[in-house]
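Engineer: The file below is structure-v1.cif, mmCIF, C-alpha atoms:
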```cif
data_entry
loop_
_atom_site.label_atom_id
_atom_site.label_comp_id
_atom_site.auth_asym_id
_atom_site.auth_seq_id
_atom_site.Cartn_x
_atom_site.Cartn_y
_atom_site.Cartn_z
CA MET R 1 31.94 13.56 -19.70
CA THR R 2 29.00 11.18 -20.01
CA ALA R 3 26.89 10.44 -16.96
CA ASN R 4 25.71 6.90 -16.29
CA PRO R 5 21.99 6.99 -17.20
CA GLN R 6 21.22 4.34 -14.54
CA PRO R 7 23.65 4.91 -11.65
CA ASN R 8 21.58 2.82 -9.21
CA ASN R 9 21.25 -0.20 -11.51
CA PRO R 10 24.22 -2.57 -11.00
CA LEU R 11 23.04 -4.72 -13.93
CA HIS R 12 23.05 -1.85 -16.45
CA GLY R 13 24.90 -2.97 -19.56
CA THR R 14 24.88 -6.64 -18.54
CA THR R 15 22.75 -8.93 -20.67
CA LEU R 16 20.80 -11.86 -19.32
CA GLU R 17 22.88 -14.13 -21.55
CA MET R 18 26.10 -12.78 -20.00
CA ILE R 19 24.70 -13.32 -16.51
CA LEU R 20 23.61 -16.87 -17.25
CA THR R 21 26.92 -17.74 -18.91
CA VAL R 22 28.89 -16.53 -15.87
CA LEU R 23 26.66 -18.49 -13.50
CA VAL R 24 26.95 -21.70 -15.52
CA GLU R 25 30.74 -21.33 -15.71
CA GLN R 26 30.96 -20.67 -11.97
CA TYR R 27 28.44 -23.19 -10.62
CA GLY R 28 27.53 -25.59 -13.43
CA TRP R 29 23.96 -26.57 -14.27
CA ASP R 30 23.52 -28.95 -11.30
CA GLU R 31 24.41 -26.42 -8.63
CA LEU R 32 22.51 -23.67 -10.43
CA ALA R 33 19.42 -25.93 -10.41
CA GLN R 34 19.86 -26.39 -6.65
CA ARG R 35 20.17 -22.66 -6.06
CA ILE R 36 17.24 -21.81 -8.36
CA PRO R 37 14.93 -24.82 -8.70
CA VAL R 38 13.50 -24.43 -12.19
CA ARG R 39 13.22 -27.20 -14.77
CA CYS R 40 15.15 -25.34 -17.45
CA PHE R 41 18.28 -25.74 -15.27
CA SER R 42 17.75 -29.39 -14.36
CA ASN R 43 16.06 -30.99 -17.37
CA GLU R 44 18.30 -30.94 -20.48
CA PRO R 45 19.63 -27.45 -19.71
CA SER R 46 20.96 -25.11 -22.35
CA ILE R 47 21.64 -21.40 -22.50
CA LYS R 48 19.06 -20.95 -25.28
CA SER R 49 16.19 -22.74 -23.52
CA SER R 50 17.01 -21.10 -20.20
CA LEU R 51 17.06 -17.63 -21.75
CA SER R 52 13.68 -18.27 -23.35
CA PHE R 53 12.20 -19.30 -19.99
CA LEU R 54 13.82 -16.49 -18.01
CA ARG R 55 12.71 -13.79 -20.45
CA ARG R 56 9.06 -14.73 -19.93
CA THR R 57 9.24 -15.54 -16.20
CA PRO R 58 10.04 -12.42 -14.17
CA TRP R 59 10.32 -14.14 -10.75
CA ALA R 60 12.89 -16.62 -12.08
CA ARG R 61 14.86 -13.89 -13.84
CA LYS R 62 14.98 -11.92 -10.57
CA LYS R 63 16.39 -14.95 -8.74
CA VAL R 64 19.06 -15.41 -11.42
CA GLU R 65 19.99 -11.72 -11.22
CA ASP R 66 20.18 -11.90 -7.42
CA VAL R 67 22.49 -14.94 -7.51
CA TYR R 68 24.68 -13.13 -10.05
CA LEU R 69 24.85 -9.96 -7.94
CA ASN R 70 25.84 -11.99 -4.89
CA LEU R 71 28.55 -13.71 -6.94
CA VAL R 72 30.11 -10.55 -8.29
CA GLY R 73 29.64 -8.61 -5.06
CA LYS R 74 27.71 -5.63 -6.41
#
```
Represent the structure contained in this file as structure tokens.
Structural biologist:
Amino acid sequence: MTANPQPNNPLHGTTLEMILTVLVEQYGWDELAQRIPVRCFSNEPSIKSSLSFLRRTPWARKKVEDVYLNLVGK
């Protein structure tokens, strides 16, 4: 039996790309840009450019993770 190494981390095993893909499928870029007002979601958005921005901007990544957690109910 293997114990979960991060039992208190609901995002464990979920990549930022997976999170962003789910959010875009659920909300679309326009609504995502309204929920999290960053240019990478409103100005020629793409998964690749958004991932690049989110990986170097901790406050924006946290907002994306929070929206995802609210969506999936964790």
Engineer: What does the distance between CA of Val64 in chain R and CA of Asn43 in chain R come to in Å, to one decimal place?
Structural biologist: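 Those two atoms sit 16.9 Å apart.
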Engineer: Check what the PyMOL selection byres ((chain R and resi 65-67) around 10) selects in the file above and give those residues as a PyMOL selection string.
Structural biologist: chain R and resi 11+16+19-20+23+32+35-36+59-64+68-74
Engineer: What's around Thr21 in chain R at 12 Å? Count all atoms listed in the file, leave out sequence neighbours fewer than 6 positions away in its own chain, and write the answer as a list in words.
Structural biologist: Thr14, Thr15, Tyr27, Gly28, Trp29, Leu32, Ser46, Ile47, Lys48, Ser50, Leu51, Val64, Glu65 and Tyr68 of chain R
Engineer: Write the selection just made, keeping C-alpha atoms, as a PDB file, in the coordinates of the input?
Structural biologist:
```pdb
ATOM      1  CA  THR R  14      24.880  -6.640 -18.540  1.00  0.00           C
ATOM      2  CA  THR R  15      22.750  -8.930 -20.670  1.00  0.00           C
ATOM      3  CA  TYR R  27      28.440 -23.190 -10.620  1.00  0.00           C
ATOM      4  CA  GLY R  28      27.530 -25.590 -13.430  1.00  0.00           C
ATOM      5  CA  TRP R  29      23.960 -26.570 -14.270  1.00  0.00           C
ATOM      6  CA  LEU R  32      22.510 -23.670 -10.430  1.00  0.00           C
ATOM      7  CA  SER R  46      20.960 -25.110 -22.350  1.00  0.00           C
ATOM      8  CA  ILE R  47      21.640 -21.400 -22.500  1.00  0.00           C
ATOM      9  CA  LYS R  48      19.060 -20.950 -25.280  1.00  0.00           C
ATOM     10  CA  SER R  50      17.010 -21.100 -20.200  1.00  0.00           C
ATOM     11  CA  LEU R  51      17.060 -17.630 -21.750  1.00  0.00           C
ATOM     12  CA  VAL R  64      19.060 -15.410 -11.420  1.00  0.00           C
ATOM     13  CA  GLU R  65      19.990 -11.720 -11.220  1.00  0.00           C
ATOM     14  CA  TYR R  68      24.680 -13.130 -10.050  1.00  0.00           C
TER      15      TYR R  68
END
```
Engineer: Could you jot down the CA of His12 in chain R to CA of Arg39 in chain R separation for me, Å, one decimal place?
Structural biologist: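 One can read the CA of His12 in chain R to CA of Arg39 in chain R distance as 27.2 Å.
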Engineer: How far is it from CA of Val24 in chain R to CA of Ser42 in chain R, in Å with one decimal?
Structural biologist: 12.0 Å
Engineer: Nearest residue to Leu54 in chain R out of R:Asn9, R:Glu25, R:Asp30, R:Val38, using all atoms listed in the file?
Structural biologist: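 Closest to Leu54 in chain R, using all atoms listed in the file: R:Val38.
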Engineer: Which one is closest to Cys40 in chain R: R:Gly13, R:Gln26, R:Thr57, R:Met18? Count all atoms listed in the file.
Structural biologist: R:Thr57
Engineer: Kindly provide, as lines of an AutoDock Vina configuration file, the centre and edge lengths (Å, one decimal) of an axis-aligned box around all atoms of range 37-54 of chain R given in the file, with 3 Å on each side.
Structural biologist:
```
center_x = 16.9
center_y = -23.7
center_z = -17.0
size_x = 15.4
size_y = 20.5
size_z = 22.6
```
